[in-house]
>>> print(open('upload03.pdb').read())   # PDB, N, CA and C atoms
ATOM      1  N   MET A 842      55.534  61.073  88.493  1.00  0.00           N
ATOM      2  CA  MET A 842      56.538  61.646  89.372  1.00  0.00           C
ATOM      3  C   MET A 842      57.549  62.434  88.565  1.00  0.00           C
ATOM      4  N   GLY A 843      57.951  63.553  89.119  1.00  0.00           N
ATOM      5  CA  GLY A 843      58.938  64.386  88.435  1.00  0.00           C
ATOM      6  C   GLY A 843      60.356  63.934  88.742  1.00  0.00           C
ATOM      7  N   THR A 844      61.288  64.457  87.991  1.00  0.00           N
ATOM      8  CA  THR A 844      62.684  64.124  88.245  1.00  0.00           C
ATOM      9  C   THR A 844      63.208  64.991  89.378  1.00  0.00           C
ATOM     10  N   ARG A 845      64.035  64.403  90.165  1.00  0.00           N
ATOM     11  CA  ARG A 845      64.623  65.113  91.296  1.00  0.00           C
ATOM     12  C   ARG A 845      66.000  65.609  90.911  1.00  0.00           C
ATOM     13  N   GLN A 846      66.213  66.894  91.053  1.00  0.00           N
ATOM     14  CA  GLN A 846      67.525  67.459  90.755  1.00  0.00           C
ATOM     15  C   GLN A 846      68.233  67.720  92.076  1.00  0.00           C
ATOM     16  N   GLU A 847      69.426  67.204  92.172  1.00  0.00           N
ATOM     17  CA  GLU A 847      70.209  67.421  93.378  1.00  0.00           C
ATOM     18  C   GLU A 847      71.175  68.569  93.147  1.00  0.00           C
ATOM     19  N   LYS A 848      71.247  69.416  94.140  1.00  0.00           N
ATOM     20  CA  LYS A 848      72.158  70.547  94.071  1.00  0.00           C
ATOM     21  C   LYS A 848      73.588  70.049  94.218  1.00  0.00           C
ATOM     22  N   GLU A 849      74.436  70.483  93.309  1.00  0.00           N
ATOM     23  CA  GLU A 849      75.848  70.107  93.373  1.00  0.00           C
ATOM     24  C   GLU A 849      76.491  70.823  94.552  1.00  0.00           C
ATOM     25  N   VAL A 850      77.149  70.049  95.400  1.00  0.00           N
ATOM     26  CA  VAL A 850      77.803  70.621  96.573  1.00  0.00           C
ATOM     27  C   VAL A 850      79.283  70.791  96.265  1.00  0.00           C
ATOM     28  N   ARG A 851      79.728  72.025  96.337  1.00  0.00           N
ATOM     29  CA  ARG A 851      81.139  72.323  96.123  1.00  0.00           C
ATOM     30  C   ARG A 851      81.758  72.674  97.463  1.00  0.00           C
ATOM     31  N   LYS A 852      82.960  72.228  97.638  1.00  0.00           N
ATOM     32  CA  LYS A 852      83.680  72.563  98.853  1.00  0.00           C
ATOM     33  C   LYS A 852      84.858  73.448  98.459  1.00  0.00           C
ATOM     34  N   MET A 853      84.814  74.677  98.933  1.00  0.00           N
ATOM     35  CA  MET A 853      85.889  75.614  98.661  1.00  0.00           C
ATOM     36  C   MET A 853      86.796  75.684  99.875  1.00  0.00           C
ATOM     37  N   GLU A 854      88.072  75.423  99.690  1.00  0.00           N
ATOM     38  CA  GLU A 854      89.063  75.527 100.751  1.00  0.00           C
ATOM     39  C   GLU A 854      90.277  76.256 100.220  1.00  0.00           C
ATOM     40  N   ILE A 855      90.913  76.995 101.105  1.00  0.00           N
ATOM     41  CA  ILE A 855      92.213  77.574 100.774  1.00  0.00           C
ATOM     42  C   ILE A 855      93.178  77.214 101.884  1.00  0.00           C
ATOM     43  N   ASN A 856      94.437  77.137 101.563  1.00  0.00           N
ATOM     44  CA  ASN A 856      95.464  76.920 102.578  1.00  0.00           C
ATOM     45  C   ASN A 856      95.899  78.279 103.096  1.00  0.00           C
ATOM     46  N   CYS A 857      95.927  78.407 104.426  1.00  0.00           N
ATOM     47  CA  CYS A 857      96.365  79.651 105.044  1.00  0.00           C
ATOM     48  C   CYS A 857      97.779  79.968 104.577  1.00  0.00           C
ATOM     49  N   LEU A 858      98.017  81.221 104.227  1.00  0.00           N
ATOM     50  CA  LEU A 858      99.339  81.633 103.776  1.00  0.00           C
ATOM     51  C   LEU A 858     100.324  81.725 104.932  1.00  0.00           C
ATOM     52  N   GLY A 859      99.812  81.736 106.164  1.00  0.00           N
ATOM     53  CA  GLY A 859     100.681  81.818 107.332  1.00  0.00           C
ATOM     54  C   GLY A 859     101.123  80.473 107.855  1.00  0.00           C
ATOM     55  N   CYS A 860     100.168  79.519 107.928  1.00  0.00           N
ATOM     56  CA  CYS A 860     100.495  78.238 108.571  1.00  0.00           C
ATOM     57  C   CYS A 860     100.136  77.009 107.734  1.00  0.00           C
ATOM     58  N   GLY A 861      99.398  77.174 106.645  1.00  0.00           N
ATOM     59  CA  GLY A 861      99.034  76.047 105.800  1.00  0.00           C
ATOM     60  C   GLY A 861      97.741  75.351 106.188  1.00  0.00           C
ATOM     61  N   PHE A 862      97.085  75.807 107.271  1.00  0.00           N
ATOM     62  CA  PHE A 862      95.819  75.222 107.708  1.00  0.00           C
ATOM     63  C   PHE A 862      94.779  75.366 106.611  1.00  0.00           C
ATOM     64  N   LYS A 863      93.982  74.318 106.386  1.00  0.00           N
ATOM     65  CA  LYS A 863      92.924  74.383 105.372  1.00  0.00           C
ATOM     66  C   LYS A 863      91.735  75.160 105.927  1.00  0.00           C
ATOM     67  N   VAL A 864      91.469  76.310 105.353  1.00  0.00           N
ATOM     68  CA  VAL A 864      90.350  77.153 105.759  1.00  0.00           C
ATOM     69  C   VAL A 864      89.169  76.826 104.858  1.00  0.00           C
ATOM     70  N   ASP A 865      88.067  76.372 105.450  1.00  0.00           N
ATOM     71  CA  ASP A 865      86.871  76.002 104.706  1.00  0.00           C
ATOM     72  C   ASP A 865      86.054  77.259 104.422  1.00  0.00           C
ATOM     73  N   LEU A 866      85.826  77.534 103.152  1.00  0.00           N
ATOM     74  CA  LEU A 866      84.997  78.668 102.751  1.00  0.00           C
ATOM     75  C   LEU A 866      83.624  78.130 102.394  1.00  0.00           C
ATOM     76  N   ALA A 867      82.703  78.240 103.317  1.00  0.00           N
ATOM     77  CA  ALA A 867      81.347  77.721 103.121  1.00  0.00           C
ATOM     78  C   ALA A 867      80.650  78.475 101.990  1.00  0.00           C
ATOM     79  N   GLY A 868      79.438  78.055 101.667  1.00  0.00           N
ATOM     80  CA  GLY A 868      78.675  78.652 100.582  1.00  0.00           C
ATOM     81  C   GLY A 868      78.484  80.146 100.690  1.00  0.00           C
ATOM     82  N   ALA A 869      78.608  80.692 101.880  1.00  0.00           N
ATOM     83  CA  ALA A 869      78.463  82.142 102.068  1.00  0.00           C
ATOM     84  C   ALA A 869      79.547  82.922 101.326  1.00  0.00           C
ATOM     85  N   TYR A 870      80.615  82.255 100.937  1.00  0.00           N
ATOM     86  CA  TYR A 870      81.724  82.918 100.265  1.00  0.00           C
ATOM     87  C   TYR A 870      81.748  82.658  98.757  1.00  0.00           C
ATOM     88  N   ASP A 871      80.624  82.241  98.160  1.00  0.00           N
ATOM     89  CA  ASP A 871      80.591  81.952  96.721  1.00  0.00           C
ATOM     90  C   ASP A 871      80.957  83.163  95.875  1.00  0.00           C
ATOM     91  N   ASP A 872      80.473  84.326  96.230  1.00  0.00           N
ATOM     92  CA  ASP A 872      80.800  85.579  95.539  1.00  0.00           C
ATOM     93  C   ASP A 872      81.171  86.586  96.610  1.00  0.00           C
ATOM     94  N   TYR A 873      82.480  86.666  96.906  1.00  0.00           N
ATOM     95  CA  TYR A 873      82.942  87.443  98.053  1.00  0.00           C
ATOM     96  C   TYR A 873      84.258  88.122  97.740  1.00  0.00           C
ATOM     97  N   VAL A 874      84.393  89.345  98.199  1.00  0.00           N
ATOM     98  CA  VAL A 874      85.663  90.061  98.167  1.00  0.00           C
ATOM     99  C   VAL A 874      85.823  90.675  99.551  1.00  0.00           C
ATOM    100  N   GLY A 875      86.878  90.290 100.262  1.00  0.00           N
ATOM    101  CA  GLY A 875      87.093  90.817 101.594  1.00  0.00           C
ATOM    102  C   GLY A 875      88.091  89.987 102.370  1.00  0.00           C
ATOM    103  N   GLN A 876      88.137  90.245 103.668  1.00  0.00           N
ATOM    104  CA  GLN A 876      89.111  89.588 104.521  1.00  0.00           C
ATOM    105  C   GLN A 876      88.509  88.391 105.245  1.00  0.00           C
ATOM    106  N   ILE A 877      89.364  87.396 105.478  1.00  0.00           N
ATOM    107  CA  ILE A 877      89.028  86.255 106.319  1.00  0.00           C
ATOM    108  C   ILE A 877      90.192  86.044 107.274  1.00  0.00           C
ATOM    109  N   LYS A 878      89.913  85.343 108.379  1.00  0.00           N
ATOM    110  CA  LYS A 878      90.935  85.085 109.374  1.00  0.00           C
ATOM    111  C   LYS A 878      91.112  83.588 109.552  1.00  0.00           C
ATOM    112  N   CYS A 879      92.349  83.135 109.614  1.00  0.00           N
ATOM    113  CA  CYS A 879      92.647  81.726 109.838  1.00  0.00           C
ATOM    114  C   CYS A 879      92.313  81.381 111.290  1.00  0.00           C
ATOM    115  N   PHE A 880      91.548  80.291 111.479  1.00  0.00           N
ATOM    116  CA  PHE A 880      91.184  79.871 112.824  1.00  0.00           C
ATOM    117  C   PHE A 880      92.377  79.289 113.579  1.00  0.00           C
ATOM    118  N   ALA A 881      93.364  78.773 112.859  1.00  0.00           N
ATOM    119  CA  ALA A 881      94.488  78.108 113.509  1.00  0.00           C
ATOM    120  C   ALA A 881      95.553  79.083 114.006  1.00  0.00           C
ATOM    121  N   CYS A 882      95.955  80.040 113.156  1.00  0.00           N
ATOM    122  CA  CYS A 882      97.074  80.914 113.544  1.00  0.00           C
ATOM    123  C   CYS A 882      96.707  82.386 113.674  1.00  0.00           C
ATOM    124  N   GLY A 883      95.529  82.774 113.206  1.00  0.00           N
ATOM    125  CA  GLY A 883      95.107  84.167 113.337  1.00  0.00           C
ATOM    126  C   GLY A 883      95.542  85.082 112.209  1.00  0.00           C
ATOM    127  N   ALA A 884      96.213  84.546 111.194  1.00  0.00           N
ATOM    128  CA  ALA A 884      96.625  85.367 110.058  1.00  0.00           C
ATOM    129  C   ALA A 884      95.388  85.865 109.308  1.00  0.00           C
ATOM    130  N   THR A 885      95.477  87.076 108.768  1.00  0.00           N
ATOM    131  CA  THR A 885      94.382  87.647 107.992  1.00  0.00           C
ATOM    132  C   THR A 885      94.754  87.627 106.518  1.00  0.00           C
ATOM    133  N   MET A 886      93.789  87.197 105.685  1.00  0.00           N
ATOM    134  CA  MET A 886      93.998  87.141 104.238  1.00  0.00           C
ATOM    135  C   MET A 886      92.873  87.870 103.526  1.00  0.00           C
ATOM    136  N   GLU A 887      93.189  88.492 102.430  1.00  0.00           N
ATOM    137  CA  GLU A 887      92.214  89.138 101.547  1.00  0.00           C
ATOM    138  C   GLU A 887      91.918  88.128 100.445  1.00  0.00           C
ATOM    139  N   ILE A 888      90.626  87.781 100.265  1.00  0.00           N
ATOM    140  CA  ILE A 888      90.283  86.804  99.233  1.00  0.00           C
ATOM    141  C   ILE A 888      89.258  87.385  98.268  1.00  0.00           C
ATOM    142  N   GLU A 889      89.221  86.785  97.091  1.00  0.00           N
ATOM    143  CA  GLU A 889      88.207  87.129  96.092  1.00  0.00           C
ATOM    144  C   GLU A 889      87.698  85.826  95.504  1.00  0.00           C
ATOM    145  N   THR A 890      86.371  85.627  95.558  1.00  0.00           N
ATOM    146  CA  THR A 890      85.760  84.442  94.976  1.00  0.00           C
ATOM    147  C   THR A 890      84.622  84.860  94.060  1.00  0.00           C
ATOM    148  N   HIS A 891      84.417  84.096  93.012  1.00  0.00           N
ATOM    149  CA  HIS A 891      83.307  84.321  92.082  1.00  0.00           C
ATOM    150  C   HIS A 891      82.772  82.973  91.637  1.00  0.00           C
ATOM    151  N   GLY A 892      81.462  82.811  91.698  1.00  0.00           N
ATOM    152  CA  GLY A 892      80.840  81.577  91.241  1.00  0.00           C
ATOM    153  C   GLY A 892      81.314  80.348  91.975  1.00  0.00           C
ATOM    154  N   GLY A 893      81.692  80.505  93.240  1.00  0.00           N
ATOM    155  CA  GLY A 893      82.146  79.363  94.026  1.00  0.00           C
ATOM    156  C   GLY A 893      83.575  78.945  93.767  1.00  0.00           C
ATOM    157  N   GLU A 894      84.357  79.800  93.098  1.00  0.00           N
ATOM    158  CA  GLU A 894      85.760  79.486  92.834  1.00  0.00           C
ATOM    159  C   GLU A 894      86.646  80.618  93.325  1.00  0.00           C
ATOM    160  N   VAL A 895      87.764  80.249  93.941  1.00  0.00           N
ATOM    161  CA  VAL A 895      88.709  81.235  94.458  1.00  0.00           C
ATOM    162  C   VAL A 895      89.450  81.877  93.290  1.00  0.00           C
ATOM    163  N   GLN A 896      89.448  83.194  93.263  1.00  0.00           N
ATOM    164  CA  GLN A 896      90.137  83.938  92.210  1.00  0.00           C
ATOM    165  C   GLN A 896      91.474  84.499  92.683  1.00  0.00           C
ATOM    166  N   ALA A 897      91.531  84.949  93.958  1.00  0.00           N
ATOM    167  CA  ALA A 897      92.764  85.552  94.469  1.00  0.00           C
ATOM    168  C   ALA A 897      92.837  85.402  95.985  1.00  0.00           C
ATOM    169  N   VAL A 898      94.071  85.257  96.482  1.00  0.00           N
ATOM    170  CA  VAL A 898      94.338  85.218  97.925  1.00  0.00           C
ATOM    171  C   VAL A 898      95.612  86.008  98.173  1.00  0.00           C
ATOM    172  N   ASN A 899      95.537  86.971  99.092  1.00  0.00           N
ATOM    173  CA  ASN A 899      96.711  87.775  99.444  1.00  0.00           C
ATOM    174  C   ASN A 899      96.810  87.878 100.958  1.00  0.00           C
ATOM    175  N   ALA A 900      98.032  87.853 101.462  1.00  0.00           N
ATOM    176  CA  ALA A 900      98.246  87.996 102.900  1.00  0.00           C
ATOM    177  C   ALA A 900      98.051  89.453 103.286  1.00  0.00           C
ATOM    178  N   VAL A 901      97.342  89.686 104.382  1.00  0.00           N
ATOM    179  CA  VAL A 901      97.162  91.047 104.908  1.00  0.00           C
ATOM    180  C   VAL A 901      98.024  91.203 106.146  1.00  0.00           C
ATOM    181  N   THR A 902      97.895  90.284 107.094  1.00  0.00           N
ATOM    182  CA  THR A 902      98.743  90.284 108.286  1.00  0.00           C
ATOM    183  C   THR A 902      99.201  88.863 108.553  1.00  0.00           C
ATOM    184  N   ALA A 903     100.377  88.773 109.097  1.00  0.00           N
ATOM    185  CA  ALA A 903     100.891  87.459 109.485  1.00  0.00           C
ATOM    186  C   ALA A 903     100.240  87.055 110.793  1.00  0.00           C
ATOM    187  N   ALA A 904     100.488  85.853 111.179  1.00  0.00           N
ATOM    188  CA  ALA A 904      99.974  85.382 112.456  1.00  0.00           C
ATOM    189  C   ALA A 904     100.565  86.225 113.565  1.00  0.00           C
ATOM    190  N   PRO A 905      99.801  86.475 114.613  1.00  0.00           N
ATOM    191  CA  PRO A 905     100.342  87.261 115.723  1.00  0.00           C
ATOM    192  C   PRO A 905     101.522  86.539 116.352  1.00  0.00           C
ATOM    193  N   PRO A 906     102.502  87.299 116.839  1.00  0.00           N
ATOM    194  CA  PRO A 906     103.673  86.655 117.442  1.00  0.00           C
ATOM    195  C   PRO A 906     103.296  85.891 118.708  1.00  0.00           C
ATOM    196  N   LEU A 907     104.025  84.831 118.952  1.00  0.00           N
ATOM    197  CA  LEU A 907     103.802  84.029 120.149  1.00  0.00           C
ATOM    198  C   LEU A 907     104.483  84.682 121.345  1.00  0.00           C
ATOM    199  N   SER A 908     103.904  84.506 122.509  1.00  0.00           N
ATOM    200  CA  SER A 908     104.531  84.998 123.733  1.00  0.00           C
ATOM    201  C   SER A 908     105.631  84.028 124.126  1.00  0.00           C
ATOM    202  N   SER A 909     106.514  84.462 125.025  1.00  0.00           N
ATOM    203  CA  SER A 909     107.586  83.561 125.458  1.00  0.00           C
ATOM    204  C   SER A 909     107.011  82.343 126.170  1.00  0.00           C
ATOM    205  N   ALA A 910     105.861  82.495 126.844  1.00  0.00           N
ATOM    206  CA  ALA A 910     105.232  81.353 127.512  1.00  0.00           C
ATOM    207  C   ALA A 910     104.757  80.322 126.500  1.00  0.00           C
ATOM    208  N   GLU A 911     104.345  80.766 125.301  1.00  0.00           N
ATOM    209  CA  GLU A 911     103.896  79.847 124.270  1.00  0.00           C
ATOM    210  C   GLU A 911     105.063  79.179 123.550  1.00  0.00           C
ATOM    211  N   VAL A 912     106.221  79.838 123.542  1.00  0.00           N
ATOM    212  CA  VAL A 912     107.387  79.312 122.845  1.00  0.00           C
ATOM    213  C   VAL A 912     108.196  78.380 123.734  1.00  0.00           C
ATOM    214  N   PHE A 913     108.412  78.802 124.970  1.00  0.00           N
ATOM    215  CA  PHE A 913     109.265  78.041 125.876  1.00  0.00           C
ATOM    216  C   PHE A 913     108.431  77.341 126.944  1.00  0.00           C
ATOM    217  N   VAL A 914     108.791  76.128 127.216  1.00  0.00           N
ATOM    218  CA  VAL A 914     108.174  75.383 128.300  1.00  0.00           C
ATOM    219  C   VAL A 914     109.126  75.437 129.486  1.00  0.00           C
ATOM    220  N   VAL A 915     108.650  75.989 130.598  1.00  0.00           N
ATOM    221  CA  VAL A 915     109.490  76.100 131.784  1.00  0.00           C
ATOM    222  C   VAL A 915     109.320  74.843 132.626  1.00  0.00           C
ATOM    223  N   ARG A 916     110.421  74.213 132.908  1.00  0.00           N
ATOM    224  CA  ARG A 916     110.406  72.988 133.722  1.00  0.00           C
ATOM    225  C   ARG A 916     111.295  73.207 134.931  1.00  0.00           C
ATOM    226  N   SER A 917     110.810  72.775 136.043  1.00  0.00           N
ATOM    227  CA  SER A 917     111.634  72.889 137.242  1.00  0.00           C
ATOM    228  C   SER A 917     112.576  71.688 137.321  1.00  0.00           C
ATOM    229  N   VAL A 918     113.796  71.943 137.762  1.00  0.00           N
ATOM    230  CA  VAL A 918     114.797  70.885 137.904  1.00  0.00           C
ATOM    231  C   VAL A 918     114.948  70.608 139.385  1.00  0.00           C
ATOM    232  N   GLU A 919     114.791  69.376 139.758  1.00  0.00           N
ATOM    233  CA  GLU A 919     114.910  69.017 141.185  1.00  0.00           C
ATOM    234  C   GLU A 919     116.232  68.413 141.485  1.00  0.00           C
TER     235      GLU A 919
END
>>> encode(input="upload03.pdb", output="structure tokens")
Amino acid sequence: MGTRQEKEVRKMEINCLGCGFKVDLAGAYDDYVGQIKCFACGATMEIETHGGEVQAVNAVTAAPPLSSAEVFVVRSVE
């Protein structure tokens, strides 16, 4: 029987520059230069990765502004 080699699994994550949400960069981003979007707040970031390691992260756009309905809760007073 031969020896079994297991592939090392690396988990690449960055914290969103807009809200701090942990953005999971799956294996598809091992060697990547381009934009990604935060799933939590919608902020866009420019990232650069090489060999499965993050090299650079820069903010491109901030999270979109909230509407007044999202900011204020309207309650009726009886």
>>> atom_distance(input="upload03.pdb", atom1="atom C of Cys860 of chain A", atom2="atom CA of Gly875 of chain A")
20.0 Å
>>> atom_distance(input="upload03.pdb", atom1="atom C of Asn899 of chain A", atom2="atom CA of Tyr870 of chain A")
15.9 Å
>>> atom_distance(input="upload03.pdb", atom1="atom C of Ala881 of chain A", atom2="atom CA of Gly893 of chain A")
24.1 Å
>>> closest_residue(input="upload03.pdb", among="A:Met853, A:Leu858, A:Ile877, A:Val864", to="Ala903 of chain A", atoms="only N, CA and C atoms")
A:Leu858
>>> resolve_selection(input="upload03.pdb", expression="the PyMOL selection byres ((chain A and resi 890) around 7)", output="PyMOL selection string")
chain A and resi 870-875+888-889+891-897
>>> residues_around(input="upload03.pdb", residues="Ile855 of chain A", least_positions_apart="3", cutoff="8 Å", atoms="only C-alpha atoms", output="list of chain:residue names")
A:Lys863, A:Val864, A:Asp865, A:Leu866
>>> resolve_selection(input="upload03.pdb", expression="the PyMOL selection byres ((chain A and resi 859) around 8)", output="ChimeraX atom specification")
/A:856-858,860-862,882-885,900,902-904
>>> select_by_dssp(input="upload03.pdb", residues="segment 850-914 of chain A", states="helix (DSSP H, G or I)", output="number ranges by chain")
A: 868-870, 909-912
